[in-house]
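Participant: Sharing a structure, written as structure tokens. Questions coming.
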Amino acid sequence: MAPEKISAFEARRRENVAKNAKLLKDTAEIGAKMRKAAAPAPRPAAPRKRKAAEPAVRTRVMPVRQSARLAAGANTDSREPLVKLEDIPVELKDREPKRVRTNGDLNLSDLQVEGKRWSSADALSSLVRGAQPGVRTFTEDDIKETADDKLKSLRQDLNDLTLYDGWQPNDIKITQERVYALTFHPMLDKPFVLAGDKKGTLGFFDGSQKTPDYPEDDDEDFEVPLPEIGAFEVHTRTITCIKIPMFDQNSVITSSYDSSIRCLDLPTQISSQLWAPEADEDELGISCIDISPEEKDIIIFSTLEGSLGRIDRRTKAKAEIWSLHDNKIGGFSLHPLLPHLVATASLDRTLKIWDLRMITGKGDLRHPSLLGEHHSRLSVSHASWNRTGHIATSSYDDTVKIYDMSEAAKWKPGQDISTKTMEPIVKVPHNNQSGRWVTILKPHWQSNPADGVEKFVIASMNRFVDVYDSAGKQLAQLDGEGITAVPAVTEFHPVHNWVAGGTSSGKLCLWR
């Protein structure tokens with residue numbers, strides 16, 4: 001059969017088919033080689049697991065029975081046990097019963113461990129801190145045991161002060177919020193108390209007003225009328241200090257965290273602003289003020305930023321402000337007879353004494369001359385100076401310290417006070433842990449006592465008011481029925497032995 005003749009087109013088509021087949025075959029071979037090269041190395045064969053050996057059957061080991069006579073030889077009087085406790089296997093011993101949890105309150109006196117070395121009942125006494133409401137730290141026995149007749153008589157007189165009986169303290173709500181500042185009006189014929197609270201309210205209470213006629217029998221239906229109290233919002237934030245100058249008893253000067261100092265004129269009932277930062281947006285919270293009896297127009301103030309300022313009411317000049325401490329100045333005071341001397345107490349744990357007669361430095365470094373300083377273990381809350389030159393401070397190291405600066409009149413401008421002089425002459429243990437809800441405890445001297453005895457008051461966290469003299473001797477501990485909170489902010493009347501205390505709820509306690 002003659003071969004099939006194909007056209008040129010068919011021959012070209014078959015040639016292309018053969019070339020494409022060869023190309024596909026070569027491409028497949030190359031792809032196979034690439035996959036082989038990219039494949040991960042084969043994992044080593046896992047070792048064959050050995051078959052676990054069967055656990056041996058545990059057998060109970062029993063003590064071997066022996067003859068006590070043969071074991072002890074000829075001695076038949078031996079009283080040793082046949083089997084010792086340590087020879088008994090653990091699994092044969094009786095298990096201790098499970099200790100059951102004890103629920104409810106436990107009194108440590110009922111749980112004391114037996115044994116002489118654990119028998120101390122006072123082991124925890126040094127750890128007990130904080131308030132103990134109603135627990136006295138100064139009692140009638142302390143008065144009876146006083147050897148000094150003059151001191152004993154003074155203690156008896158002060159402890160005879162009684163709580164104002166016109167109304168219960170809970171009925172005398174002198175301010176809406178927590179009391180931060182308190183003072184007596186210096187009038188001598190009646191106790192008139194002023195208080196400032198957390199929101200800038202200034203309250204007034206007249207202790208001579210007519211009191212209710214209470215029925216002789218306990219009439220539950222008797223409604224006690226409220227006392228007459230005036231309250232006015234003279235500041236927008238906490239009132240920190242209230243001063244009524246002895247030489248101008250119609251003026252009530254107040255300071256506040258709202259960065260202002262104001263003067264309330266009692267006859268006209270107008271409150272005027274004495275000082276505030278020039279710009280309304282500037283804030284310089286004021287923590288305390290003091291006024292010199294010799295320079296009635298000069299007002300000294302301290303700030304939350306650790307600075308001390310001086311303004312003159314007679315001029316419109318800017319206030320002089322000096323940076324004295326690294327932290328807040330909690331309180332300060334001028335020497336009553338030497339007003340150029342200033343004692344400041346700060347959060348930086350120091351008491352410092354400054355002399356305003358010598359101002360040194362330039363610009364922001366300008367400041368009064370520092371005469372001396374004393375460091376406490378914790379922050380110092382306030383420094384109060386009396387006429388005889390004694391400084392009383394309270395601090396969070398739970399002490400009230402008294403410093404003797406009676407030689408201050410001899411100091412020259414800028415004189416350095418010796419380290420010995422800056423040491424306190426007495427440290428009185430005193431619980432000053434006021435916490436978050438009680439105003440900081442601060443001592444305040446009686447400025448011009450009629451009995452001639454220099455003494456100061458400071459609140460007690462046990463809901464009393466403590467009275468001390470300049471030697472650190474406690475003179476009294478004032479209390480009374482109806483006191484349900486700490487009268488944290490305390491003050492003496494300038495002349496009479498009248499004492500006032502304000503609480504964190506705005507209530508007033510008054511002793512006379």
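So you can find residues: chains in the structure tokens are A, B, ... in the order shown, residues in each start at 1, and ligands are numbered from 1 in order.
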Can you list, as an mmCIF file with all heavy atoms, in the first residue's frame, every protein, DNA or RNA residue that comes within 8 Å of A:Val342 when you count only C-alpha atoms, leaving out same-chain residues fewer than 5 positions away?
Facilitator:
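result35.cif written:
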```cif
data_model
loop_
_atom_site.group_PDB
_atom_site.id
_atom_site.type_symbol
_atom_site.label_atom_id
_atom_site.label_comp_id
_atom_site.auth_asym_id
_atom_site.auth_seq_id
_atom_site.Cartn_x
_atom_site.Cartn_y
_atom_site.Cartn_z
ATOM 1 N N PHE A 332 1.704 78.216 110.311
ATOM 2 C CA PHE A 332 2.812 79.033 110.804
ATOM 3 C C PHE A 332 2.246 80.018 111.815
ATOM 4 O O PHE A 332 1.028 80.167 111.972
ATOM 5 C CB PHE A 332 3.490 79.782 109.652
ATOM 6 C CG PHE A 332 2.749 81.012 109.209
ATOM 7 C CD1 PHE A 332 3.102 82.273 109.697
ATOM 8 C CD2 PHE A 332 1.659 80.929 108.348
ATOM 9 C CE1 PHE A 332 2.413 83.410 109.314
ATOM 10 C CE2 PHE A 332 0.967 82.059 107.958
ATOM 11 C CZ PHE A 332 1.345 83.310 108.447
ATOM 12 N N SER A 333 3.131 80.744 112.488
ATOM 13 C CA SER A 333 2.688 81.809 113.392
ATOM 14 C C SER A 333 3.815 82.812 113.579
ATOM 15 O O SER A 333 5.002 82.480 113.433
ATOM 16 C CB SER A 333 2.250 81.237 114.749
ATOM 17 O OG SER A 333 3.349 80.640 115.416
ATOM 18 N N LEU A 334 3.421 84.033 113.899
ATOM 19 C CA LEU A 334 4.364 85.083 114.257
ATOM 20 C C LEU A 334 4.575 85.070 115.768
ATOM 21 O O LEU A 334 3.664 84.716 116.529
ATOM 22 C CB LEU A 334 3.823 86.450 113.838
ATOM 23 C CG LEU A 334 3.474 86.649 112.363
ATOM 24 C CD1 LEU A 334 2.846 88.016 112.168
ATOM 25 C CD2 LEU A 334 4.696 86.486 111.483
ATOM 26 N N HIS A 335 5.769 85.458 116.196
ATOM 27 C CA HIS A 335 5.996 85.642 117.624
ATOM 28 C C HIS A 335 5.101 86.795 118.079
ATOM 29 O O HIS A 335 5.149 87.887 117.518
ATOM 30 C CB HIS A 335 7.471 85.972 117.867
ATOM 31 C CG HIS A 335 7.872 85.905 119.308
ATOM 32 N ND1 HIS A 335 7.282 86.679 120.295
ATOM 33 C CD2 HIS A 335 8.816 85.160 119.946
ATOM 34 C CE1 HIS A 335 7.837 86.423 121.458
ATOM 35 N NE2 HIS A 335 8.766 85.496 121.281
ATOM 36 N N ILE A 353 12.595 78.603 111.411
ATOM 37 C CA ILE A 353 12.402 79.926 112.006
ATOM 38 C C ILE A 353 13.082 80.949 111.107
ATOM 39 O O ILE A 353 14.260 80.790 110.736
ATOM 40 C CB ILE A 353 12.957 79.974 113.434
ATOM 41 C CG1 ILE A 353 12.203 78.970 114.322
ATOM 42 C CG2 ILE A 353 12.841 81.382 114.009
ATOM 43 C CD1 ILE A 353 12.694 78.916 115.745
ATOM 44 N N TRP A 354 12.329 82.007 110.762
ATOM 45 C CA TRP A 354 12.799 83.019 109.815
ATOM 46 C C TRP A 354 12.779 84.395 110.472
ATOM 47 O O TRP A 354 11.997 84.656 111.387
ATOM 48 C CB TRP A 354 11.894 83.044 108.576
ATOM 49 C CG TRP A 354 11.677 81.698 107.953
ATOM 50 C CD1 TRP A 354 10.737 80.770 108.308
ATOM 51 C CD2 TRP A 354 12.417 81.119 106.884
ATOM 52 N NE1 TRP A 354 10.843 79.664 107.525
ATOM 53 C CE2 TRP A 354 11.866 79.835 106.624
ATOM 54 C CE3 TRP A 354 13.484 81.556 106.081
ATOM 55 C CZ2 TRP A 354 12.345 78.994 105.631
ATOM 56 C CZ3 TRP A 354 13.971 80.723 105.091
ATOM 57 C CH2 TRP A 354 13.405 79.459 104.873
ATOM 58 N N ASP A 355 13.642 85.274 109.949
ATOM 59 C CA ASP A 355 13.730 86.645 110.438
ATOM 60 C C ASP A 355 13.352 87.590 109.302
ATOM 61 O O ASP A 355 14.072 87.694 108.293
ATOM 62 C CB ASP A 355 15.155 86.937 110.928
ATOM 63 C CG ASP A 355 15.244 88.243 111.699
ATOM 64 O OD1 ASP A 355 14.310 89.061 111.582
ATOM 65 O OD2 ASP A 355 16.256 88.449 112.401
ATOM 66 N N LEU A 356 12.214 88.284 109.438
ATOM 67 C CA LEU A 356 11.741 89.186 108.391
ATOM 68 C C LEU A 356 12.513 90.498 108.365
ATOM 69 O O LEU A 356 12.318 91.308 107.445
ATOM 70 C CB LEU A 356 10.247 89.473 108.587
ATOM 71 C CG LEU A 356 9.302 88.266 108.498
ATOM 72 C CD1 LEU A 356 7.863 88.706 108.696
ATOM 73 C CD2 LEU A 356 9.459 87.553 107.160
#
```
Participant: Running DSSP on the backbone, which parts of stretch 242-483 of chain A land in strand (DSSP E), as a VMD selection string?
Facilitator: chain A and resid 242 to 243 251 to 256 261 to 265 270 to 275 286 to 291 298 to 303 307 to 312 320 to 323 329 to 334 341 to 346 350 to 360 367 to 375 380 to 385 390 to 395 399 to 404 426 to 429 444 to 445 455 to 460 464 to 469 474 to 478
Participant: Among stretch 126-364 of chain A, which ones does DSSP place in alpha helix (DSSP H), written as a ChimeraX atom specification?
Facilitator: /A:140-144,149-159
Participant: Using only C-alpha atoms, find the one residue out of A:Val486, A:Val224, A:Cys263, A:Leu510 that sits nearest to A:Gly134.
Facilitator: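 The closest residue to A:Gly134 is A:Val486.
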Participant: In Å, how far is it from atom CA of A:Leu202 to atom CA of A:Pro245?
Facilitator: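 Going from atom CA of A:Leu202 over to atom CA of A:Pro245, I get 17.0 Å.
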